[in-house]
Structure formats: structure tokens, C-alpha cells
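Reading through the C-alpha cells given below for one structure.
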Amino acid sequence: MKNHKYQKGAYMSVARITTVTFKSQEAADIAAGSYVNNSPTDFPEAEQLLGIKGGDNTLIAVTLYADNEAMERATASRKKVLDSNQEVVSVETQVGTVEINHIN
């Protein structure tokens with residue numbers, strides 16, 4: 001049996017899932033490139049960063065943090081990144097605890 005980093009009752013990370021819809025595919029492509037290049041620096045406390053192209057003009061960012069405090073410290077950078085893009089149509093956010101983070 002494999003050892004798992006996360007087990008029931010053990011410490012769990014916090015995930016923030018952000019779905020951003022842009023005015024166009026071109027705007028989404030530009031934002032995706034910027035996220036790839038800048039997110040490790042913009043969010044240094046993130047344990048894990050995932051950037052997903054959800055559709056022609058939709059990007060989904062999944063960011064894992066050690067705890068709520070680390071996530072909250074990243075909020076100013078997140079706001080700056082989102083507010084700087086005039087092509088954003090909408091932003092939807094969900095936050096929750098990570099129940100499993102399995103990596104082969």
C-alpha cells in the first residue's frame with residue numbers, strides 16, 4: 001500500500017478555484033501566457049498552481065495554499081492581477097479544503 005501525503009483527519013490544504021471569462025479568445029490566450037510566466041512570482045506562498053484553458057475564452061486557476069492565512073495574504077496580488085486586465089467579463093471563485101491530492 002502506498003503512503004499518501006493526505007489522509008483522513010490529517011492536515012489539509014486550502015484550494016481557491018477561480019474561473020475567469022474574457023471578452024475574446026485572444027484575451028484569454030494572452031492572460032494564460034501571463035499566468036504561466038508570472039504566477040509563481042505573483043503567488044509565492046502557493047503550494048501548487050494549475051492553469052486550465054476551460055473553453056475559448058475561459059481560464060480556470062486552481063491554487064493550493066497551506067492554510068487560509070496564506071491564501072488571504074495572496075489576495076492583494078490576485079486582485080492586482082485581475083483588476084489590471086480590462087478584458088475580464090466575469091470572475092467566479094470557490095474556496096474549499098483539499099480532501100485528496102494524489103500524484104502518481
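Lettering and numbering for the C-alpha cells are positional, with chains as A, B, ... in the shown order, residues counted from 1 in each chain, and ligands counted from 1 in the shown order.
Excluding Ala27 (chain A) itself and same-chain residues fewer than 6 positions from it, the residues having an atom within 10 Å of it are Thr21, Asp56, Asn57, Thr58, Asn85, Gln86, Glu87 and Val88 of chain A, counting only C-alpha atoms.
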What does the file look like for those residues with N, CA and C atoms, as a JSON list (two decimals), in the first residue's frame?
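The resulting file, part_11.json, is shown below:
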```
[["chain", "number", "residue", "atom", "x", "y", "z"],
["A", 21, "THR", "N", -13.80, 34.58, -17.20],
["A", 21, "THR", "CA", -14.28, 34.65, -18.58],
["A", 21, "THR", "C", -13.82, 35.97, -19.17],
["A", 56, "ASP", "N", -12.92, 28.51, -25.14],
["A", 56, "ASP", "CA", -12.27, 29.51, -25.98],
["A", 56, "ASP", "C", -11.87, 30.77, -25.22],
["A", 57, "ASN", "N", -12.76, 31.24, -24.36],
["A", 57, "ASN", "CA", -12.48, 32.49, -23.66],
["A", 57, "ASN", "C", -12.55, 32.35, -22.13],
["A", 58, "THR", "N", -12.31, 31.14, -21.63],
["A", 58, "THR", "CA", -12.40, 30.89, -20.19],
["A", 58, "THR", "C", -11.12, 30.24, -19.67],
["A", 85, "ASN", "N", -6.52, 43.62, -15.89],
["A", 85, "ASN", "CA", -6.94, 43.12, -17.20],
["A", 85, "ASN", "C", -8.34, 43.65, -17.54],
["A", 86, "GLN", "N", -8.38, 44.56, -18.48],
["A", 86, "GLN", "CA", -9.63, 45.19, -18.88],
["A", 86, "GLN", "C", -10.51, 44.28, -19.74],
["A", 87, "GLU", "N", -10.00, 43.12, -20.10],
["A", 87, "GLU", "CA", -10.74, 42.18, -20.95],
["A", 87, "GLU", "C", -11.56, 41.17, -20.15],
["A", 88, "VAL", "N", -11.52, 41.26, -18.82],
["A", 88, "VAL", "CA", -12.27, 40.33, -17.97],
["A", 88, "VAL", "C", -13.75, 40.68, -18.00]]
```
Next item on the list: Report the residues of region 1-102 of chain A whose backbone DSSP state falls under helix (DSSP H, G or I), written as number ranges by chain.
Entry: A: 25-42, 68-73, 75-83
Next item on the list: Give the strand (DSSP E) residues of chain A, as DSSP finds them on the backbone, and put them as a VMD selection string.
Entry: chain A and resid 14 to 22 48 to 55 58 to 65 88 to 97
Write a file of the just-selected residues containing C-alpha atoms, as an mmCIF file, in the first residue's frame.
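Ended up saving to again-v7.cif:
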```
data_model
loop_
_atom_site.group_PDB
_atom_site.id
_atom_site.type_symbol
_atom_site.label_atom_id
_atom_site.label_comp_id
_atom_site.auth_asym_id
_atom_site.auth_seq_id
_atom_site.Cartn_x
_atom_site.Cartn_y
_atom_site.Cartn_z
ATOM 1 C CA VAL A 14 -6.948 25.111 1.105
ATOM 2 C CA ALA A 15 -7.880 25.420 -2.574
ATOM 3 C CA ARG A 16 -9.050 28.547 -4.366
ATOM 4 C CA ILE A 17 -10.614 27.823 -7.746
ATOM 5 C CA THR A 18 -11.070 30.891 -9.924
ATOM 6 C CA THR A 19 -12.911 30.837 -13.243
ATOM 7 C CA VAL A 20 -12.342 33.911 -15.405
ATOM 8 C CA THR A 21 -14.283 34.653 -18.579
ATOM 9 C CA PHE A 22 -12.737 37.067 -21.065
ATOM 10 C CA GLN A 48 0.570 24.234 -6.222
ATOM 11 C CA LEU A 49 -0.629 26.239 -9.240
ATOM 12 C CA LEU A 50 -2.763 24.838 -12.045
ATOM 13 C CA GLY A 51 -3.842 26.873 -15.052
ATOM 14 C CA ILE A 52 -6.564 25.322 -17.195
ATOM 15 C CA LYS A 53 -7.999 26.506 -20.509
ATOM 16 C CA GLY A 54 -11.694 25.775 -19.947
ATOM 17 C CA GLY A 55 -13.012 26.994 -23.278
ATOM 18 C CA THR A 58 -12.400 30.885 -20.186
ATOM 19 C CA LEU A 59 -9.475 30.194 -17.870
ATOM 20 C CA ILE A 60 -9.603 28.253 -14.620
ATOM 21 C CA ALA A 61 -6.917 28.677 -11.968
ATOM 22 C CA VAL A 62 -6.622 26.164 -9.135
ATOM 23 C CA THR A 63 -4.281 27.305 -6.392
ATOM 24 C CA LEU A 64 -3.437 25.336 -3.257
ATOM 25 C CA TYR A 65 -2.276 27.052 -0.074
ATOM 26 C CA VAL A 88 -12.266 40.331 -17.973
ATOM 27 C CA VAL A 89 -16.027 39.811 -18.291
ATOM 28 C CA SER A 90 -16.608 37.830 -15.093
ATOM 29 C CA VAL A 91 -14.827 36.130 -12.203
ATOM 30 C CA GLU A 92 -16.255 33.256 -10.174
ATOM 31 C CA THR A 93 -14.444 31.897 -7.126
ATOM 32 C CA GLN A 94 -14.842 28.831 -4.932
ATOM 33 C CA VAL A 95 -12.767 28.047 -1.842
ATOM 34 C CA GLY A 96 -12.585 24.729 -0.013
ATOM 35 C CA THR A 97 -10.375 22.203 1.735
#
```
Check: In Å, how far is it from CA of Gly33 (chain A) to CA of Leu82 (chain A)?
Finding: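 Separating CA of Gly33 (chain A) from CA of Leu82 (chain A) is a distance of 14.2 Å.
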Margin query: Would you compute the distance between CA of Tyr35 (chain A) and CA of Ser77 (chain A)? Give it in Å to one decimal.
Written below: 12.2 Å
Item checked: Pairwise distance for CA of Val81 (chain A) and CA of Val98 (chain A), rounded to one decimal in Å ->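 CA of Val98 (chain A) lies 24.3 Å from CA of Val81 (chain A).
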